[in-house]
$ cat run19.txt   # compact mmCIF, C-alpha atoms
# COMPACT_ATOMS: atom_id res chain seq x y z
CA MET A 850 61.08 74.02 82.75
CA ALA A 851 61.34 72.15 86.05
CA PHE A 852 64.49 70.15 86.73
CA HIS A 853 64.24 66.45 85.94
CA GLN A 854 67.05 64.10 86.89
CA THR A 855 67.17 60.96 84.81
CA MET A 856 69.48 58.07 84.00
CA VAL A 857 67.54 57.21 80.84
CA TRP A 858 69.98 57.92 78.04
CA LYS A 859 67.30 58.93 75.55
CA GLU A 860 65.90 61.46 78.03
CA ILE A 861 69.34 62.92 78.70
CA GLY A 862 69.71 63.27 74.95
CA LEU A 863 66.54 65.37 74.89
CA GLN A 864 67.96 67.55 77.67
CA MET A 865 71.07 68.05 75.57
CA GLN A 866 68.86 68.98 72.61
CA GLU A 867 67.34 71.78 74.69
CA VAL A 868 70.81 73.24 75.16
CA LYS A 869 71.51 73.00 71.42
CA ASP A 870 68.16 74.58 70.60
CA LYS A 871 68.96 77.44 72.95
CA CYS A 872 72.35 77.92 71.29
CA ASN A 873 70.71 78.05 67.85
CA ALA A 874 68.14 80.58 69.08
CA ILE A 875 70.86 82.84 70.49
CA ILE A 876 72.92 82.64 67.29
CA LYS A 877 69.87 83.60 65.27
CA HIS A 878 69.02 86.41 67.67
CA LEU A 879 72.52 87.88 67.54
CA ASN A 880 72.46 87.97 63.73
CA LEU A 881 76.23 88.51 63.55
CA PRO A 882 78.96 87.03 61.32
CA ARG A 883 80.01 83.55 62.40
CA GLU A 884 83.56 84.81 62.94
CA ASP A 885 82.41 87.25 65.63
CA ALA A 886 83.58 86.19 69.11
CA ARG A 887 80.06 86.50 70.48
CA VAL A 888 78.72 84.00 67.97
CA LEU A 889 81.68 81.66 68.21
CA GLY A 890 81.31 81.38 71.97
CA VAL A 891 77.81 79.99 71.53
CA VAL A 892 78.77 77.90 68.49
CA HIS A 893 81.43 76.19 70.58
CA ILE A 894 78.86 75.20 73.22
CA ARG A 895 76.74 73.66 70.46
CA GLN A 896 79.76 71.84 69.05
CA PHE A 897 80.60 70.37 72.44
CA CYS A 898 77.01 69.13 72.71
CA ASN A 899 77.37 67.44 69.30
CA THR A 900 80.58 65.66 70.28
CA LEU A 901 81.35 65.45 73.99
CA VAL A 902 77.72 64.88 74.97
CA ALA A 903 75.94 63.28 72.02
CA VAL A 904 78.51 60.59 71.19
CA PRO A 905 78.73 58.92 74.63
CA LEU A 906 74.98 59.25 75.15
CA GLN A 907 74.20 57.64 71.81
CA LEU A 908 76.63 54.80 72.45
CA GLN A 909 75.06 54.14 75.84
CA HIS A 910 71.57 54.30 74.39
CA ASN A 911 72.38 51.99 71.50
CA ALA A 912 74.16 49.54 73.79
CA GLU A 913 70.81 48.90 75.49
CA ASN A 914 69.81 47.00 72.36
CA ARG A 915 71.62 43.65 72.40
CA ASN A 916 71.68 43.54 68.60
CA ASN A 917 73.91 46.63 68.56
CA ILE A 918 76.46 45.35 71.06
CA PRO A 919 78.72 43.41 68.63
CA VAL A 920 79.08 46.48 66.41
CA ILE A 921 79.77 48.78 69.36
CA MET A 922 82.36 46.38 70.79
CA ARG A 923 84.20 46.16 67.47
CA MET A 924 84.76 49.94 67.37
CA PRO A 925 87.29 50.00 70.25
CA GLY A 926 88.27 46.35 69.76
CA LEU A 927 86.59 44.98 72.88
CA ARG A 928 85.83 41.31 73.42
CA ARG A 929 84.07 41.07 76.78
CA MET A 930 80.85 42.66 78.01
CA GLU A 931 82.60 43.71 81.21
CA ASP A 932 85.09 45.65 79.13
CA LEU A 933 82.28 47.34 77.21
CA ARG A 934 80.51 48.42 80.40
CA SER A 935 83.79 49.76 81.79
CA CYS A 936 84.62 51.56 78.54
CA LEU A 937 81.22 53.24 78.26
CA GLY A 938 81.25 54.21 81.92
CA ASP A 939 84.69 55.77 81.61
CA LEU A 940 83.70 57.51 78.37
CA ASN A 941 80.68 59.11 79.99
CA LYS A 942 82.61 60.23 83.05
CA ASN A 943 85.48 61.69 81.03
CA SER A 944 83.17 63.26 78.46
CA LYS A 945 81.17 65.00 81.16
CA ILE A 946 84.31 66.46 82.74
CA SER A 947 85.54 67.50 79.29
CA PHE A 948 82.20 69.10 78.39
CA VAL A 949 82.03 71.13 81.58
CA THR A 950 85.65 72.22 81.18
CA MET A 951 85.49 73.15 77.51
CA ALA A 952 82.04 74.73 77.62
CA GLN A 953 83.06 76.84 80.60
CA PHE A 954 86.25 77.82 78.78
CA ALA A 955 84.11 78.95 75.81
CA PHE A 956 82.05 81.14 78.14
CA GLU A 957 85.15 82.60 79.80
CA ASN A 958 86.85 83.31 76.48
CA CYS A 959 83.72 84.96 75.09
CA ILE A 960 83.31 87.22 78.13
CA GLY A 961 86.99 88.18 77.97
CA LYS A 962 86.76 89.12 74.29
CA VAL A 963 83.60 91.16 74.87
CA LEU A 964 85.14 93.11 77.74
CA GLU A 965 88.29 93.83 75.74
CA ALA A 966 86.14 95.18 72.90
CA ILE A 967 84.27 97.69 75.08
CA PRO A 968 85.99 101.10 75.31
CA ASN A 969 87.74 101.65 78.66
CA GLU A 970 87.10 98.07 79.77
CA LYS A 971 89.42 95.08 80.00
CA LYS A 972 89.45 91.42 80.98
CA LEU A 973 90.10 91.11 84.69
CA GLY A 974 92.25 88.60 86.54
CA SER A 975 89.61 85.93 87.11
CA PHE A 976 86.39 84.76 85.52
CA SER A 977 84.50 85.72 88.66
CA ARG A 978 85.67 89.32 88.40
CA SER A 979 85.31 89.51 84.61
CA SER A 980 81.81 88.05 84.63
CA LYS A 981 80.71 90.36 87.45
CA ARG A 982 82.06 93.32 85.50
CA ILE A 983 80.33 92.42 82.23
CA ILE A 984 77.04 91.94 84.08
CA ASP A 985 77.46 95.42 85.59
CA VAL A 986 78.41 96.95 82.22
CA ALA A 987 75.42 95.27 80.55
CA ARG A 988 73.23 96.58 83.37
CA LEU A 989 71.45 93.31 83.97
CA LYS A 990 68.75 93.22 86.60
CA ASP A 991 69.17 90.85 89.56
CA ALA A 992 72.93 91.05 88.98
CA LYS A 993 74.13 89.11 92.01
CA ASN A 994 71.93 86.08 91.38
CA LYS A 995 72.87 86.03 87.70
CA HIS A 996 76.55 86.22 88.58
CA ASP A 997 76.13 83.34 91.05
CA LEU A 998 74.34 81.34 88.36
CA ILE A 999 77.06 81.65 85.73
CA MET A 1000 79.67 80.77 88.33
CA VAL A 1001 78.06 77.36 88.96
CA PRO A 1002 79.66 75.61 85.93
CA ALA A 1003 83.08 76.90 87.02
CA TRP A 1004 82.52 75.53 90.52
CA ILE A 1005 81.30 72.20 89.09
CA ARG A 1006 84.43 72.02 86.93
CA ASN A 1007 86.61 72.63 89.96
CA THR A 1008 84.91 69.90 91.98
CA LEU A 1009 85.23 67.40 89.12
CA HIS A 1010 88.91 68.20 88.78
CA ALA A 1011 89.28 67.64 92.54
CA GLY A 1012 87.83 64.14 92.40
CA GLY A 1013 84.31 65.36 93.06
CA ILE A 1014 85.14 67.22 96.28
CA HIS A 1015 84.33 70.90 96.76
CA GLU A 1016 87.38 72.54 98.30
CA GLN A 1017 86.24 76.13 98.71
CA ALA A 1018 83.74 77.85 101.01
CA ASP A 1019 80.14 76.63 101.22
CA LYS A 1020 77.88 77.89 98.45
CA THR A 1021 74.28 77.21 97.45
CA VAL A 1022 72.79 78.51 94.22
CA VAL A 1023 69.16 77.83 93.35
CA VAL A 1024 68.79 77.46 89.59
CA ASP A 1025 65.13 77.90 88.67
CA GLY A 1026 64.04 76.03 91.78
CA GLU A 1027 66.81 73.41 91.84
CA PRO A 1028 69.49 73.87 94.53
CA PHE A 1029 73.13 73.31 93.64
CA VAL A 1030 74.80 72.79 97.01
CA PHE A 1031 78.58 73.08 97.42
CA GLN A 1032 79.88 72.16 100.89
CA LYS A 1033 83.54 72.54 101.77
CA GLY A 1034 85.27 69.17 102.00
CA GLN A 1035 82.17 67.29 100.85
CA ARG A 1036 81.41 65.40 97.67
CA PHE A 1037 79.40 67.47 95.22
CA GLU A 1038 76.17 65.61 94.46
CA CYS A 1039 74.81 67.74 91.62
CA ALA A 1040 77.08 66.73 88.74
CA THR A 1041 74.89 64.28 86.82
CA TRP A 1042 74.39 64.87 83.11
CA SER A 1043 70.92 66.21 83.95
CA HIS A 1044 72.33 68.73 86.43
CA VAL A 1045 75.11 69.83 84.10
CA LEU A 1046 72.85 70.34 81.10
CA TYR A 1047 70.22 72.09 83.23
CA VAL A 1048 72.64 74.68 84.59
CA PHE A 1049 74.24 75.34 81.19
CA LEU A 1050 70.78 75.83 79.69
CA HIS A 1051 70.02 78.52 82.28
CA CYS A 1052 73.48 80.08 81.99
CA LEU A 1053 72.84 80.56 78.29
CA ASP A 1054 69.87 82.76 79.21
CA VAL A 1055 72.22 85.07 81.12
CA TYR A 1056 74.81 85.10 78.35
CA GLU A 1057 72.14 85.94 75.79
CA GLU A 1058 71.02 88.83 77.97
CA ILE A 1059 74.61 90.08 78.15
CA LEU A 1060 75.24 89.73 74.42
CA ILE A 1061 72.07 91.56 73.37
CA SER A 1062 72.51 94.36 75.92
CA LYS A 1063 72.79 97.89 74.51
CA LYS A 1064 76.46 98.34 75.44
CA VAL A 1065 77.50 95.07 73.81
CA LYS A 1066 75.27 95.38 70.74
CA GLU A 1067 76.91 98.72 69.95
CA ILE A 1068 80.10 96.86 69.02
CA THR A 1069 80.11 96.16 65.29
CA PHE A 1070 82.50 93.22 65.33
CA ILE A 1071 84.57 91.42 67.96
CA LYS A 1072 87.66 89.58 66.77
CA THR A 1073 88.50 86.17 68.16
CA ALA A 1074 92.26 86.84 68.16

$ encode --input "run19.txt" --output "structure tokens"
Amino acid sequence: MAFHQTMVWKEIGLQMQEVKDKCNAIIKHLNLPREDARVLGVVHIRQFCNTLVAVPLQLQHNAENRNNIPVIMRMPGLRRMEDLRSCLGDLNKNSKISFVTMAQFAFENCIGKVLEAIPNEKKLGSFSRSSKRIIDVARLKDAKNKHDLIMVPAWIRNTLHAGGIHEQADKTVVVDGEPFVFQKGQRFECATWSHVLYVFLHCLDVYEEILISKKVKEITFIKTA
């Protein structure tokens, strides 16, 4: 599906639903116990959609109806409209940073557990190295582009934690036709909710391919601890 950037809260909610639907499809495809690390990694992404994404989006969407505003303002004890706008803006900003951070952590943890479960393999010193290794072990086609793709959320996280500035070397990754451009010392312009959800949706395709690969499917059960 082509990238669509929007500031319409209801439309962003539909983009989030695509990510949740993809998570549910992967979980069904894996057909493993819920306690398996492969399943839990995807479950956590779905959970973060239900909380860190859905809650702020729904509040913003409902705040567009003036009849809902008194109820919404009572929740955090606000009295002025300016305070409500500030609160919702901060909530969205912080929730987006939290979603990217926690969802990326879920991916990293899942990949680490999978590598540790494969005979003669181990988690390497960085996500970049570990993810490259698991892609090689899983024998995915177009390995370099898929590795670049699943690195994008990590790079977005780093820019958000640096006040929106990309501090490393220039990088451009085209995600299904949409360029994500990282320029050293420049503000990263591709961190809207639409961008974030779009790249996670496509990353899930790569993770599914890894998790259903022959080498990984051979493992009966992967512990989470």

$ atom_distance --input "run19.txt" --atom1 "CA of Gly1026 in chain A" --atom2 "CA of Lys981 in chain A"
22.4 Å

$ residues_around --input "run19.txt" --residues "Phe948 in chain A" --least-positions-apart "5" --cutoff "12 Å" --atoms "only C-alpha atoms" --output "number ranges by chain"
A: 865, 893-905, 940-943, 953-955, 1002-1003, 1005-1006, 1009, 1040, 1042, 1045-1046, 1049

$ closest_residue --input "run19.txt" --among "A:Ala1011, A:Val963, A:Leu998, A:Met856" --to "Lys1033 in chain A" --atoms "all atoms listed in the file"
A:Ala1011

$ residues_around --input "run19.txt" --residues "Met930 in chain A" --least-positions-apart "6" --cutoff "12 Å" --atoms "all atoms listed in the file" --output "list in words"
Ala912, Arg915, Ile918, Pro919, Ile921, Met922, Arg923, Cys936 and Leu937 of chain A

$ residues_near_point --input "run19.txt" --point "(76.3, 88.1, 85.3)" --cutoff "7 Å" --atoms "all atoms listed in the file" --output "list in words"
Ser980, Lys981, Ile983, Ile984, Ala992, Lys995, His996, Ile999 and Val1055 of chain A

$ residues_around --input "run19.txt" --residues "Thr1073 in chain A" --least-positions-apart "6" --cutoff "12 Å" --atoms "all atoms listed in the file" --output "compact mmCIF listing (two decimals) with C-alpha atoms, in the frame of the given file"
# COMPACT_ATOMS: atom_id res chain seq x y z
CA PRO A 882 78.96 87.03 61.32
CA ARG A 883 80.01 83.55 62.40
CA GLU A 884 83.56 84.81 62.94
CA ASP A 885 82.41 87.25 65.63
CA ALA A 886 83.58 86.19 69.11
CA ARG A 887 80.06 86.50 70.48
CA VAL A 888 78.72 84.00 67.97
CA LEU A 889 81.68 81.66 68.21
CA GLY A 890 81.31 81.38 71.97
CA ALA A 955 84.11 78.95 75.81
CA ASN A 958 86.85 83.31 76.48
CA CYS A 959 83.72 84.96 75.09
CA ILE A 960 83.31 87.22 78.13
CA GLY A 961 86.99 88.18 77.97
CA LYS A 962 86.76 89.12 74.29
CA VAL A 963 83.60 91.16 74.87
CA GLU A 965 88.29 93.83 75.74
CA ALA A 966 86.14 95.18 72.90

$ atom_distance --input "run19.txt" --atom1 "CA of Phe1029 in chain A" --atom2 "CA of Tyr1056 in chain A"
19.4 Å

$ closest_residue --input "run19.txt" --among "A:Gln866, A:Gly1012, A:Phe956, A:Arg934" --to "Leu1053 in chain A" --atoms "all atoms listed in the file"
A:Phe956

$ atom_distance --input "run19.txt" --atom1 "CA of Met1000 in chain A" --atom2 "CA of Pro968 in chain A"
25.0 Å

$ closest_residue --input "run19.txt" --among "A:Val1065, A:Met850, A:Ala1074, A:Leu1060" --to "His878 in chain A" --atoms "only C-alpha atoms"
A:Leu1060

$ closest_residue --input "run19.txt" --among "A:Glu1038, A:His1044, A:His1010, A:Arg988" --to "Val1024 in chain A" --atoms "all atoms listed in the file"
A:His1044

$ residues_around --input "run19.txt" --residues "Gly1034 in chain A" --least-positions-apart "3" --cutoff "10 Å" --atoms "only C-alpha atoms" --output "PyMOL selection string"
chain A and resi 1013-1019+1031+1037

$ axis_aligned_box --input "run19.txt" --around "range 1012-1017 of chain A" --padding-each-side "5 Å" --output "AutoDock Vina command-line options"
--center_x 86.1 --center_y 70.1 --center_z 95.6 --size_x 13.5 --size_y 22.0 --size_z 16.3

$ residues_around --input "run19.txt" --residues "Glu867 in chain A" --least-positions-apart "3" --cutoff "12 Å" --atoms "only C-alpha atoms" --output "ChimeraX atom specification"
/A:850,860-864,870-874,895,898,1043,1046-1051,1053

$ closest_residue --input "run19.txt" --among "A:Thr1008, A:Arg928, A:Asp1025, A:Val891" --to "Glu957 in chain A" --atoms "all atoms listed in the file"
A:Val891

$ decode --input "run19.txt" --residues "range 880-1001 of chain A" --atoms "C-alpha atoms" --output "compact mmCIF listing (two decimals), in the first residue's frame"
# COMPACT_ATOMS: atom_id res chain seq x y z
CA ASN A 880 1.01 -21.13 15.44
CA LEU A 881 3.23 -21.32 18.52
CA PRO A 882 2.51 -21.12 22.27
CA ARG A 883 1.98 -17.56 23.47
CA GLU A 884 4.94 -17.95 25.84
CA ASP A 885 7.34 -18.53 22.93
CA ALA A 886 9.71 -15.57 22.45
CA ARG A 887 8.84 -15.38 18.75
CA VAL A 888 5.16 -14.88 19.51
CA LEU A 889 5.72 -12.56 22.44
CA GLY A 890 7.85 -10.23 20.33
CA VAL A 891 4.91 -9.67 17.99
CA VAL A 892 2.37 -9.60 20.82
CA HIS A 893 4.30 -6.76 22.42
CA ILE A 894 4.11 -4.69 19.22
CA ARG A 895 0.34 -5.20 19.21
CA GLN A 896 0.12 -4.23 22.88
CA PHE A 897 2.05 -1.02 22.26
CA CYS A 898 -0.39 -0.20 19.45
CA ASN A 899 -3.31 -0.72 21.86
CA THR A 900 -1.83 1.59 24.49
CA LEU A 901 0.92 3.95 23.34
CA VAL A 902 -0.72 4.63 19.97
CA ALA A 903 -4.46 4.09 20.36
CA VAL A 904 -5.00 6.06 23.58
CA PRO A 905 -3.48 9.40 22.47
CA LEU A 906 -5.03 9.07 19.01
CA GLN A 907 -8.48 8.41 20.43
CA LEU A 908 -8.20 11.33 22.84
CA GLN A 909 -7.19 13.65 20.02
CA HIS A 910 -9.97 12.36 17.79
CA ASN A 911 -12.62 12.69 20.48
CA ALA A 912 -11.41 16.16 21.43
CA GLU A 913 -12.47 17.33 17.96
CA ASN A 914 -16.06 17.01 19.16
CA ARG A 915 -16.77 19.95 21.49
CA ASN A 916 -19.29 17.88 23.45
CA ASN A 917 -16.49 15.54 24.55
CA ILE A 918 -14.12 18.25 25.75
CA PRO A 919 -15.48 18.68 29.32
CA VAL A 920 -15.14 14.93 29.96
CA ILE A 921 -11.63 14.79 28.49
CA MET A 922 -10.53 17.81 30.53
CA ARG A 923 -11.81 16.28 33.76
CA MET A 924 -9.61 13.19 33.33
CA PRO A 925 -6.30 15.01 33.99
CA GLY A 926 -7.97 17.81 35.96
CA LEU A 927 -7.55 20.54 33.35
CA ARG A 928 -9.52 23.79 33.37
CA ARG A 929 -8.42 25.72 30.30
CA MET A 930 -8.54 24.82 26.61
CA GLU A 931 -4.95 25.94 26.21
CA ASP A 932 -3.93 23.40 28.83
CA LEU A 933 -5.86 20.67 27.02
CA ARG A 934 -4.18 21.43 23.70
CA SER A 935 -0.78 21.44 25.40
CA CYS A 936 -1.51 18.20 27.25
CA LEU A 937 -2.69 16.34 24.15
CA GLY A 938 0.23 17.63 22.11
CA ASP A 939 2.72 16.50 24.74
CA LEU A 940 0.96 13.15 25.10
CA ASN A 941 1.19 12.47 21.38
CA LYS A 942 4.84 13.48 21.18
CA ASN A 943 5.85 11.41 24.20
CA SER A 944 3.71 8.45 23.17
CA LYS A 945 5.28 8.37 19.73
CA ILE A 946 8.80 8.37 21.19
CA SER A 947 7.76 5.68 23.67
CA PHE A 948 6.16 3.54 20.95
CA VAL A 949 9.22 3.68 18.71
CA THR A 950 11.51 2.90 21.64
CA MET A 951 9.50 0.05 23.11
CA ALA A 952 8.50 -1.51 19.79
CA GLN A 953 12.11 -1.45 18.62
CA PHE A 954 13.17 -2.98 21.94
CA ALA A 955 10.64 -5.79 21.36
CA PHE A 956 12.17 -6.45 17.93
CA GLU A 957 15.71 -6.41 19.33
CA ASN A 958 14.84 -8.72 22.21
CA CYS A 959 13.07 -11.15 19.89
CA ILE A 960 16.01 -11.32 17.48
CA GLY A 961 18.42 -11.84 20.37
CA LYS A 962 16.37 -14.72 21.78
CA VAL A 963 16.08 -16.36 18.35
CA LEU A 964 19.82 -16.17 17.72
CA GLU A 965 20.61 -17.60 21.14
CA ALA A 966 18.26 -20.52 20.43
CA ILE A 967 19.97 -21.51 17.17
CA PRO A 968 22.84 -24.01 17.64
CA ASN A 969 26.28 -22.39 17.29
CA GLU A 970 24.79 -18.89 17.09
CA LYS A 971 24.67 -16.10 19.66
CA LYS A 972 23.42 -12.55 20.11
CA LEU A 973 26.05 -10.13 18.88
CA GLY A 974 27.15 -6.82 20.37
CA SER A 975 24.68 -4.56 18.57
CA PHE A 976 21.26 -4.81 16.97
CA SER A 977 22.79 -3.99 13.59
CA ARG A 978 25.13 -6.97 13.81
CA SER A 979 22.54 -9.32 15.34
CA SER A 980 19.88 -8.44 12.78
CA LYS A 981 22.32 -8.84 9.90
CA ARG A 982 23.33 -12.23 11.25
CA ILE A 983 19.77 -13.52 11.66
CA ILE A 984 18.93 -12.38 8.12
CA ASP A 985 21.94 -14.33 6.85
CA VAL A 986 21.05 -17.40 8.94
CA ALA A 987 17.45 -17.26 7.71
CA ARG A 988 18.78 -16.94 4.15
CA LEU A 989 16.49 -14.09 3.19
CA LYS A 990 16.69 -12.78 -0.33
CA ASP A 991 17.64 -9.12 -0.87
CA ALA A 992 19.42 -9.27 2.49
CA LYS A 993 21.06 -5.84 2.47
CA ASN A 994 17.86 -3.93 1.71
CA LYS A 995 15.94 -5.89 4.33
CA HIS A 996 18.63 -5.20 6.90
CA ASP A 997 18.53 -1.48 6.05
CA LEU A 998 14.74 -1.54 6.40
CA ILE A 999 14.67 -3.04 9.89
CA MET A 1000 17.35 -0.59 10.99
CA VAL A 1001 15.11 2.40 10.18
